[in-house]
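Next comes run_3.csv, a file with CSV, N, CA, C and O atoms.
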chain,number,residue,atom,x,y,z
A,2,MET,N,0.9,-1.2,0.0
A,2,MET,CA,0.0,0.0,0.0
A,2,MET,C,0.9,1.2,0.0
A,2,MET,O,1.8,1.3,0.8
A,3,SER,N,0.6,2.2,-0.9
A,3,SER,CA,1.5,3.4,-1.0
A,3,SER,C,1.2,4.3,0.2
A,3,SER,O,0.2,4.2,0.9
A,4,SER,N,2.2,5.3,0.4
A,4,SER,CA,2.0,6.3,1.5
A,4,SER,C,0.8,7.1,1.3
A,4,SER,O,0.1,7.5,2.2
A,5,GLN,N,0.5,7.4,0.0
A,5,GLN,CA,-0.7,8.2,-0.3
A,5,GLN,C,-1.9,7.5,0.0
A,5,GLN,O,-2.8,8.0,0.7
A,6,GLN,N,-2.0,6.2,-0.3
A,6,GLN,CA,-3.2,5.4,0.1
A,6,GLN,C,-3.3,5.4,1.6
A,6,GLN,O,-4.4,5.5,2.1
A,7,ARG,N,-2.2,5.2,2.3
A,7,ARG,CA,-2.3,5.1,3.8
A,7,ARG,C,-2.9,6.5,4.3
A,7,ARG,O,-3.7,6.5,5.2
A,8,PHE,N,-2.4,7.6,3.8
A,8,PHE,CA,-2.9,8.9,4.2
A,8,PHE,C,-4.4,9.1,3.9
A,8,PHE,O,-5.1,9.5,4.8
A,9,VAL,N,-4.8,8.7,2.7
A,9,VAL,CA,-6.2,8.8,2.3
A,9,VAL,C,-7.1,8.0,3.2
A,9,VAL,O,-8.1,8.5,3.7
A,10,GLU,N,-6.7,6.7,3.4
A,10,GLU,CA,-7.5,5.8,4.2
A,10,GLU,C,-7.6,6.1,5.7
A,10,GLU,O,-8.6,6.0,6.3
A,11,SER,N,-6.5,6.6,6.2
A,11,SER,CA,-6.4,6.7,7.7
A,11,SER,C,-6.7,8.1,8.2
A,11,SER,O,-7.1,8.3,9.3
A,12,ASP,N,-6.4,9.1,7.3
A,12,ASP,CA,-6.5,10.5,7.9
A,12,ASP,C,-7.3,11.5,7.1
A,12,ASP,O,-7.5,12.6,7.5
A,13,GLY,N,-7.8,11.1,5.9
A,13,GLY,CA,-8.6,12.1,5.2
A,13,GLY,C,-8.2,12.1,3.7
A,13,GLY,O,-7.1,11.6,3.3
A,14,PRO,N,-9.1,12.6,2.9
A,14,PRO,CA,-8.9,12.5,1.4
A,14,PRO,C,-7.9,13.5,0.9
A,14,PRO,O,-7.7,14.6,1.4
A,15,ILE,N,-7.2,13.1,-0.2
A,15,ILE,CA,-6.4,14.0,-1.0
A,15,ILE,C,-7.1,14.2,-2.3
A,15,ILE,O,-7.4,13.2,-3.0
A,16,SER,N,-7.5,15.4,-2.6
A,16,SER,CA,-8.1,15.7,-3.9
A,16,SER,C,-7.0,15.9,-4.9
A,16,SER,O,-6.0,16.6,-4.6
A,17,ARG,N,-7.2,15.4,-6.1
A,17,ARG,CA,-6.3,15.6,-7.2
A,17,ARG,C,-7.0,16.3,-8.4
A,17,ARG,O,-8.1,15.8,-8.8
A,18,TYR,N,-6.4,17.3,-8.9
A,18,TYR,CA,-7.0,18.0,-10.1
A,18,TYR,C,-5.9,18.0,-11.2
A,18,TYR,O,-4.8,18.5,-10.9
A,19,ASP,N,-6.3,17.5,-12.3
A,19,ASP,CA,-5.4,17.5,-13.5
A,19,ASP,C,-5.7,18.6,-14.5
A,19,ASP,O,-6.9,18.6,-14.9
A,20,TYR,N,-4.8,19.4,-14.8
A,20,TYR,CA,-4.9,20.5,-15.8
A,20,TYR,C,-3.9,20.2,-16.9
A,20,TYR,O,-3.1,19.3,-16.9
A,21,ASP,N,-3.9,21.1,-18.0
A,21,ASP,CA,-3.1,20.8,-19.1
A,21,ASP,C,-1.6,20.7,-18.8
A,21,ASP,O,-1.0,19.7,-19.2
A,22,ASP,N,-1.1,21.6,-17.9
A,22,ASP,CA,0.4,21.5,-17.6
A,22,ASP,C,0.6,21.4,-16.1
A,22,ASP,O,1.8,21.6,-15.7
A,23,THR,N,-0.4,21.2,-15.3
A,23,THR,CA,-0.2,21.3,-13.9
A,23,THR,C,-1.1,20.2,-13.2
A,23,THR,O,-2.3,20.0,-13.7
A,24,VAL,N,-0.6,19.6,-12.2
A,24,VAL,CA,-1.4,18.7,-11.3
A,24,VAL,C,-1.5,19.3,-10.0
A,24,VAL,O,-0.4,19.7,-9.4
A,25,VAL,N,-2.7,19.4,-9.4
A,25,VAL,CA,-2.8,20.1,-8.1
A,25,VAL,C,-3.4,19.1,-7.1
A,25,VAL,O,-4.4,18.4,-7.4
A,26,PHE,N,-2.8,18.9,-5.9
A,26,PHE,CA,-3.3,18.1,-4.8
A,26,PHE,C,-3.7,19.1,-3.7
A,26,PHE,O,-3.0,20.0,-3.4
A,27,ALA,N,-4.9,18.7,-3.1
A,27,ALA,CA,-5.4,19.6,-2.0
A,27,ALA,C,-5.8,18.7,-0.9
A,27,ALA,O,-6.4,17.6,-1.1
A,28,ILE,N,-5.4,19.1,0.3
A,28,ILE,CA,-5.7,18.3,1.5
A,28,ILE,C,-6.3,19.3,2.6
A,28,ILE,O,-5.6,20.3,2.9
A,29,ASP,N,-7.5,19.1,3.0
A,29,ASP,CA,-8.1,20.0,4.0
A,29,ASP,C,-7.8,19.5,5.4
A,29,ASP,O,-8.2,18.5,5.8
A,30,LEU,N,-7.0,20.3,6.1
A,30,LEU,CA,-6.6,19.9,7.5
A,30,LEU,C,-7.5,20.4,8.5
A,30,LEU,O,-7.4,20.2,9.7
A,31,GLY,N,-8.5,21.2,8.1
A,31,GLY,CA,-9.4,21.8,9.1
A,31,GLY,C,-8.7,22.9,9.9
A,31,GLY,O,-8.0,23.7,9.3
A,32,SER,N,-8.9,22.9,11.2
A,32,SER,CA,-8.4,23.9,12.0
A,32,SER,C,-6.9,23.6,12.5
A,32,SER,O,-6.5,24.3,13.4
A,33,ALA,N,-6.3,22.6,12.0
A,33,ALA,CA,-4.9,22.3,12.4
A,33,ALA,C,-4.0,23.5,12.1
A,33,ALA,O,-3.8,23.9,11.0
A,34,SER,N,-3.5,24.1,13.2
A,34,SER,CA,-2.6,25.3,13.0
A,34,SER,C,-1.2,25.0,13.1
A,34,SER,O,-0.3,25.8,12.6
A,35,ASP,N,-0.8,23.8,13.6
A,35,ASP,CA,0.6,23.4,13.7
A,35,ASP,C,0.9,22.5,12.6
A,35,ASP,O,1.1,21.3,12.9
A,36,ALA,N,1.0,23.0,11.4
A,36,ALA,CA,1.3,22.1,10.2
A,36,ALA,C,2.4,22.7,9.4
A,36,ALA,O,2.5,23.9,9.2
A,37,HIS,N,3.2,21.9,8.8
A,37,HIS,CA,4.2,22.3,7.9
A,37,HIS,C,4.3,21.3,6.7
A,37,HIS,O,4.0,20.1,6.9
A,38,VAL,N,4.6,21.8,5.5
A,38,VAL,CA,4.7,21.0,4.3
A,38,VAL,C,5.9,21.3,3.5
A,38,VAL,O,6.3,22.5,3.4
A,39,ASP,N,6.5,20.3,2.9
A,39,ASP,CA,7.6,20.5,2.0
A,39,ASP,C,7.6,19.4,0.9
A,39,ASP,O,7.0,18.4,1.1
A,40,VAL,N,8.3,19.7,-0.2
A,40,VAL,CA,8.4,18.7,-1.3
A,40,VAL,C,9.9,18.5,-1.5
A,40,VAL,O,10.6,19.4,-1.8
A,41,VAL,N,10.3,17.2,-1.5
A,41,VAL,CA,11.7,16.9,-1.7
A,41,VAL,C,11.7,15.7,-2.7
A,41,VAL,O,11.2,14.6,-2.4
A,42,ASP,N,12.3,15.9,-3.9
A,42,ASP,CA,12.5,14.8,-4.8
A,42,ASP,C,11.2,14.0,-5.1
A,42,ASP,O,11.2,12.8,-5.1
A,43,GLY,N,10.1,14.8,-5.3
A,43,GLY,CA,8.9,14.1,-5.7
A,43,GLY,C,8.1,13.5,-4.5
A,43,GLY,O,7.1,12.9,-4.7
A,44,THR,N,8.5,13.8,-3.3
A,44,THR,CA,7.8,13.3,-2.1
A,44,THR,C,7.3,14.5,-1.3
A,44,THR,O,8.1,15.4,-0.9
A,45,VAL,N,6.0,14.5,-1.0
A,45,VAL,CA,5.5,15.6,-0.2
A,45,VAL,C,5.6,15.1,1.3
A,45,VAL,O,5.2,13.9,1.6
A,46,MET,N,6.2,15.9,2.1
A,46,MET,CA,6.3,15.6,3.6
A,46,MET,C,5.4,16.6,4.3
A,46,MET,O,5.7,17.8,4.3
A,47,LEU,N,4.4,16.1,5.0
A,47,LEU,CA,3.5,16.9,5.7
A,47,LEU,C,3.6,16.5,7.2
A,47,LEU,O,3.4,15.4,7.6
A,48,VAL,N,3.8,17.6,8.0
A,48,VAL,CA,3.9,17.4,9.5
A,48,VAL,C,2.7,18.1,10.1
A,48,VAL,O,2.6,19.3,9.9
A,49,VAL,N,1.9,17.4,10.8
A,49,VAL,CA,0.7,18.0,11.5
A,49,VAL,C,0.9,17.6,13.0
A,49,VAL,O,0.7,16.5,13.3
A,50,GLY,N,1.2,18.6,13.8
A,50,GLY,CA,1.5,18.3,15.2
A,50,GLY,C,2.7,17.4,15.3
A,50,GLY,O,3.8,17.7,14.8
A,51,ASP,N,2.5,16.3,15.9
A,51,ASP,CA,3.6,15.3,16.0
A,51,ASP,C,3.5,14.1,15.1
A,51,ASP,O,4.2,13.1,15.2
A,52,GLN,N,2.6,14.2,14.1
A,52,GLN,CA,2.4,13.2,13.1
A,52,GLN,C,3.1,13.6,11.8
A,52,GLN,O,3.0,14.8,11.4
A,53,GLN,N,3.7,12.7,11.1
A,53,GLN,CA,4.3,13.0,9.8
A,53,GLN,C,3.7,12.0,8.7
A,53,GLN,O,3.5,10.9,9.0
A,54,TYR,N,3.4,12.6,7.6
A,54,TYR,CA,2.8,11.9,6.5
A,54,TYR,C,3.6,12.2,5.2
A,54,TYR,O,4.2,13.2,5.1
A,55,GLU,N,3.7,11.2,4.3
A,55,GLU,CA,4.4,11.4,3.1
A,55,GLU,C,3.6,10.8,1.9
A,55,GLU,O,2.9,9.8,2.1
A,56,PHE,N,3.6,11.4,0.8
A,56,PHE,CA,3.1,10.8,-0.4
A,56,PHE,C,3.8,11.3,-1.6
A,56,PHE,O,4.4,12.4,-1.6
A,57,GLU,N,3.8,10.5,-2.7
A,57,GLU,CA,4.5,10.8,-3.9
A,57,GLU,C,3.6,11.6,-4.8
A,57,GLU,O,2.4,11.5,-4.9
A,58,VAL,N,4.3,12.5,-5.6
A,58,VAL,CA,3.6,13.3,-6.6
A,58,VAL,C,4.4,13.1,-7.9
A,58,VAL,O,5.5,12.6,-8.0
A,59,PRO,N,3.7,13.4,-9.1
A,59,PRO,CA,4.4,13.2,-10.4
A,59,PRO,C,5.6,14.0,-10.5
A,59,PRO,O,5.8,15.0,-9.8
A,60,GLU,N,6.5,13.6,-11.4
A,60,GLU,CA,7.7,14.4,-11.7
A,60,GLU,C,7.3,15.8,-12.2
A,60,GLU,O,6.4,15.9,-13.0
A,61,GLY,N,8.1,16.8,-11.8
A,61,GLY,CA,7.9,18.2,-12.3
A,61,GLY,C,8.3,19.1,-11.3
A,61,GLY,O,8.9,18.8,-10.2
A,62,ASP,N,8.1,20.4,-11.5
A,62,ASP,CA,8.5,21.5,-10.6
A,62,ASP,C,7.3,21.6,-9.6
A,62,ASP,O,6.3,22.1,-9.9
A,63,ALA,N,7.6,21.2,-8.4
A,63,ALA,CA,6.5,21.1,-7.3
A,63,ALA,C,6.7,22.2,-6.3
A,63,ALA,O,7.8,22.6,-5.9
A,64,GLU,N,5.6,22.8,-5.9
A,64,GLU,CA,5.5,23.9,-4.9
A,64,GLU,C,4.4,23.5,-3.9
A,64,GLU,O,3.3,23.1,-4.4
A,65,ALA,N,4.7,23.6,-2.6
A,65,ALA,CA,3.6,23.3,-1.6
A,65,ALA,C,3.5,24.5,-0.7
A,65,ALA,O,4.4,25.2,-0.4
A,66,PHE,N,2.2,24.7,-0.3
A,66,PHE,CA,2.0,25.7,0.7
A,66,PHE,C,0.7,25.4,1.5
A,66,PHE,O,-0.1,24.6,1.1
A,67,ILE,N,0.5,26.1,2.6
A,67,ILE,CA,-0.7,25.9,3.5
A,67,ILE,C,-1.3,27.3,3.6
A,67,ILE,O,-0.6,28.2,4.0
A,68,LYS,N,-2.6,27.3,3.4
A,68,LYS,CA,-3.4,28.6,3.6
A,68,LYS,C,-4.7,28.2,4.2
A,68,LYS,O,-5.5,27.4,3.6
A,69,ASN,N,-5.1,28.8,5.3
A,69,ASN,CA,-6.4,28.6,5.9
A,69,ASN,C,-6.7,27.1,6.2
A,69,ASN,O,-7.8,26.6,6.0
A,70,GLY,N,-5.7,26.3,6.5
A,70,GLY,CA,-5.9,24.9,6.9
A,70,GLY,C,-5.9,24.0,5.7
A,70,GLY,O,-6.2,22.8,5.8
A,71,VAL,N,-5.7,24.5,4.5
A,71,VAL,CA,-5.7,23.7,3.2
A,71,VAL,C,-4.3,23.6,2.7
A,71,VAL,O,-3.6,24.6,2.4
A,72,VAL,N,-3.8,22.4,2.6
A,72,VAL,CA,-2.5,22.2,2.0
A,72,VAL,C,-2.7,22.0,0.4
A,72,VAL,O,-3.5,21.3,0.0
A,73,THR,N,-1.9,22.8,-0.3
A,73,THR,CA,-2.0,22.7,-1.8
A,73,THR,C,-0.6,22.4,-2.3
A,73,THR,O,0.4,23.1,-1.9
A,74,VAL,N,-0.5,21.4,-3.2
A,74,VAL,CA,0.7,21.1,-3.8
A,74,VAL,C,0.5,21.2,-5.3
A,74,VAL,O,-0.4,20.5,-5.9
A,75,GLU,N,1.2,22.1,-6.0
A,75,GLU,CA,1.1,22.3,-7.4
A,75,GLU,C,2.4,21.7,-8.1
A,75,GLU,O,3.5,22.0,-7.7
A,76,VAL,N,2.1,20.8,-9.1
A,76,VAL,CA,3.2,20.2,-9.8
A,76,VAL,C,3.1,20.6,-11.3
A,76,VAL,O,2.2,20.3,-12.0
A,77,ARG,N,4.1,21.5,-11.7
A,77,ARG,CA,4.1,21.9,-13.2
A,77,ARG,C,4.8,20.9,-14.0
A,77,ARG,O,6.0,20.5,-13.6
A,78,GLN,N,4.3,20.4,-15.0
A,78,GLN,CA,4.9,19.3,-15.8
A,78,GLN,C,5.3,19.9,-17.2
A,78,GLN,O,4.8,20.8,-17.7
Let me see the structure of the file written as structure tokens.
Amino acid sequence: MSSQQRFVESDGPISRYDYDDTVVFAIDLGSASDAHVDVVDGTVMLVVGDQQYEFEVPEGDAEAFIKNGVVTVEVRQ
């Protein structure tokens, strides 16, 4: 089972949106204020409180950010 599947099944859904040259992943953390996200070599690392989650994204120029409790990862291909 992949890390993304484990995250989806155990902690909440990851929404994926495919556009012409970009793939966008969105994760709603709700009111979690102690969260950090980074992308390293195609792996998204999300830390919420003392829990860490990882999932793979397609190859490309990836950027991740959190705004109002929503994690957004944009991958330009």
Atomic separation - CA of Thr73 (chain A) relative to CA of Val25 (chain A), Å:
6.9 Å
Choose the residue, out of A:Leu30, A:Ile15, A:Val76, A:Leu47, that has the smallest atom-to-atom separation from Asp62 (chain A); count all atoms listed in the file.
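Smallest separation from Asp62 (chain A) among the options: A:Val76.
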Between A:Asp51, A:Pro14, A:Ala63, A:Asp42, which residue has the minimum interatomic distance to Ala27 (chain A), considering only N, CA, C and O atoms?
A:Pro14
Dig up all the protein and nucleic acid residues within 5 Å of (3.9, 22.8, 2.5) in the file frame, using all atoms listed in the file, and format them as a VMD selection string.
chain A and resid 37 to 39 65 to 67
I need the residues from that last selection saved to file as a PDB file, keeping the file's coordinate frame (with N, CA, C and O atoms), if you can.
ATOM      1  N   HIS A  37       3.200  21.900   8.800  1.00  0.00           N
ATOM      2  CA  HIS A  37       4.200  22.300   7.900  1.00  0.00           C
ATOM      3  C   HIS A  37       4.300  21.300   6.700  1.00  0.00           C
ATOM      4  O   HIS A  37       4.000  20.100   6.900  1.00  0.00           O
ATOM      5  N   VAL A  38       4.600  21.800   5.500  1.00  0.00           N
ATOM      6  CA  VAL A  38       4.700  21.000   4.300  1.00  0.00           C
ATOM      7  C   VAL A  38       5.900  21.300   3.500  1.00  0.00           C
ATOM      8  O   VAL A  38       6.300  22.500   3.400  1.00  0.00           O
ATOM      9  N   ASP A  39       6.500  20.300   2.900  1.00  0.00           N
ATOM     10  CA  ASP A  39       7.600  20.500   2.000  1.00  0.00           C
ATOM     11  C   ASP A  39       7.600  19.400   0.900  1.00  0.00           C
ATOM     12  O   ASP A  39       7.000  18.400   1.100  1.00  0.00           O
ATOM     13  N   ALA A  65       4.700  23.600  -2.600  1.00  0.00           N
ATOM     14  CA  ALA A  65       3.600  23.300  -1.600  1.00  0.00           C
ATOM     15  C   ALA A  65       3.500  24.500  -0.700  1.00  0.00           C
ATOM     16  O   ALA A  65       4.400  25.200  -0.400  1.00  0.00           O
ATOM     17  N   PHE A  66       2.200  24.700  -0.300  1.00  0.00           N
ATOM     18  CA  PHE A  66       2.000  25.700   0.700  1.00  0.00           C
ATOM     19  C   PHE A  66       0.700  25.400   1.500  1.00  0.00           C
ATOM     20  O   PHE A  66      -0.100  24.600   1.100  1.00  0.00           O
ATOM     21  N   ILE A  67       0.500  26.100   2.600  1.00  0.00           N
ATOM     22  CA  ILE A  67      -0.700  25.900   3.500  1.00  0.00           C
ATOM     23  C   ILE A  67      -1.300  27.300   3.600  1.00  0.00           C
ATOM     24  O   ILE A  67      -0.600  28.200   4.000  1.00  0.00           O
TER      25      ILE A  67
END
What gap, in Å, lies between atom C of Tyr20 (chain A) and atom C of Pro59 (chain A)?
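Atom C of Tyr20 (chain A) sits 13.0 Å away from atom C of Pro59 (chain A).
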Name the residues of region 13-68 of chain A that fall into strand (DSSP E) according to DSSP on the backbone, using the chain letters and numbers of this document, as a PyMOL selection string.
chain A and resi 16-19+23-29+36-41+44-49+52-57+62-68
In Å to one decimal, how far is CA of Asp22 (chain A) from atom O of Glu60 (chain A)?
9.4 Å
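Looking only at chain A, the set that DSSP places in alpha helix (DSSP H) from backbone geometry is Ser4, Gln5, Gln6, Arg7, Phe8, Val9, Glu10, Ser11 and Asp12 of chain A.
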Report as a list in words all protein, DNA and RNA residues lying within 8 Å of Val41 (chain A), evaluated on only N, CA, C and O atoms, omitting residues in the same chain fewer than 6 positions from it.
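Surrounding residues, per the criterion: Phe56, Glu57, Val58 and Ala63 of chain A.
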Gly70 (chain A) surroundings by all atoms listed in the file, 6 Å radius, close-in-sequence under 6 positions cut, as a list in words:
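Selected residues are Ile28, Asp29, Leu30, Gly31, Ser32 and Ala33 of chain A.
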Nearby residues, (3.3, 14.0, 4.0) file frame, 9 Å, only C-alpha atoms, as number ranges by chain:
A: 4-5, 8, 38-40, 44-49, 53-57
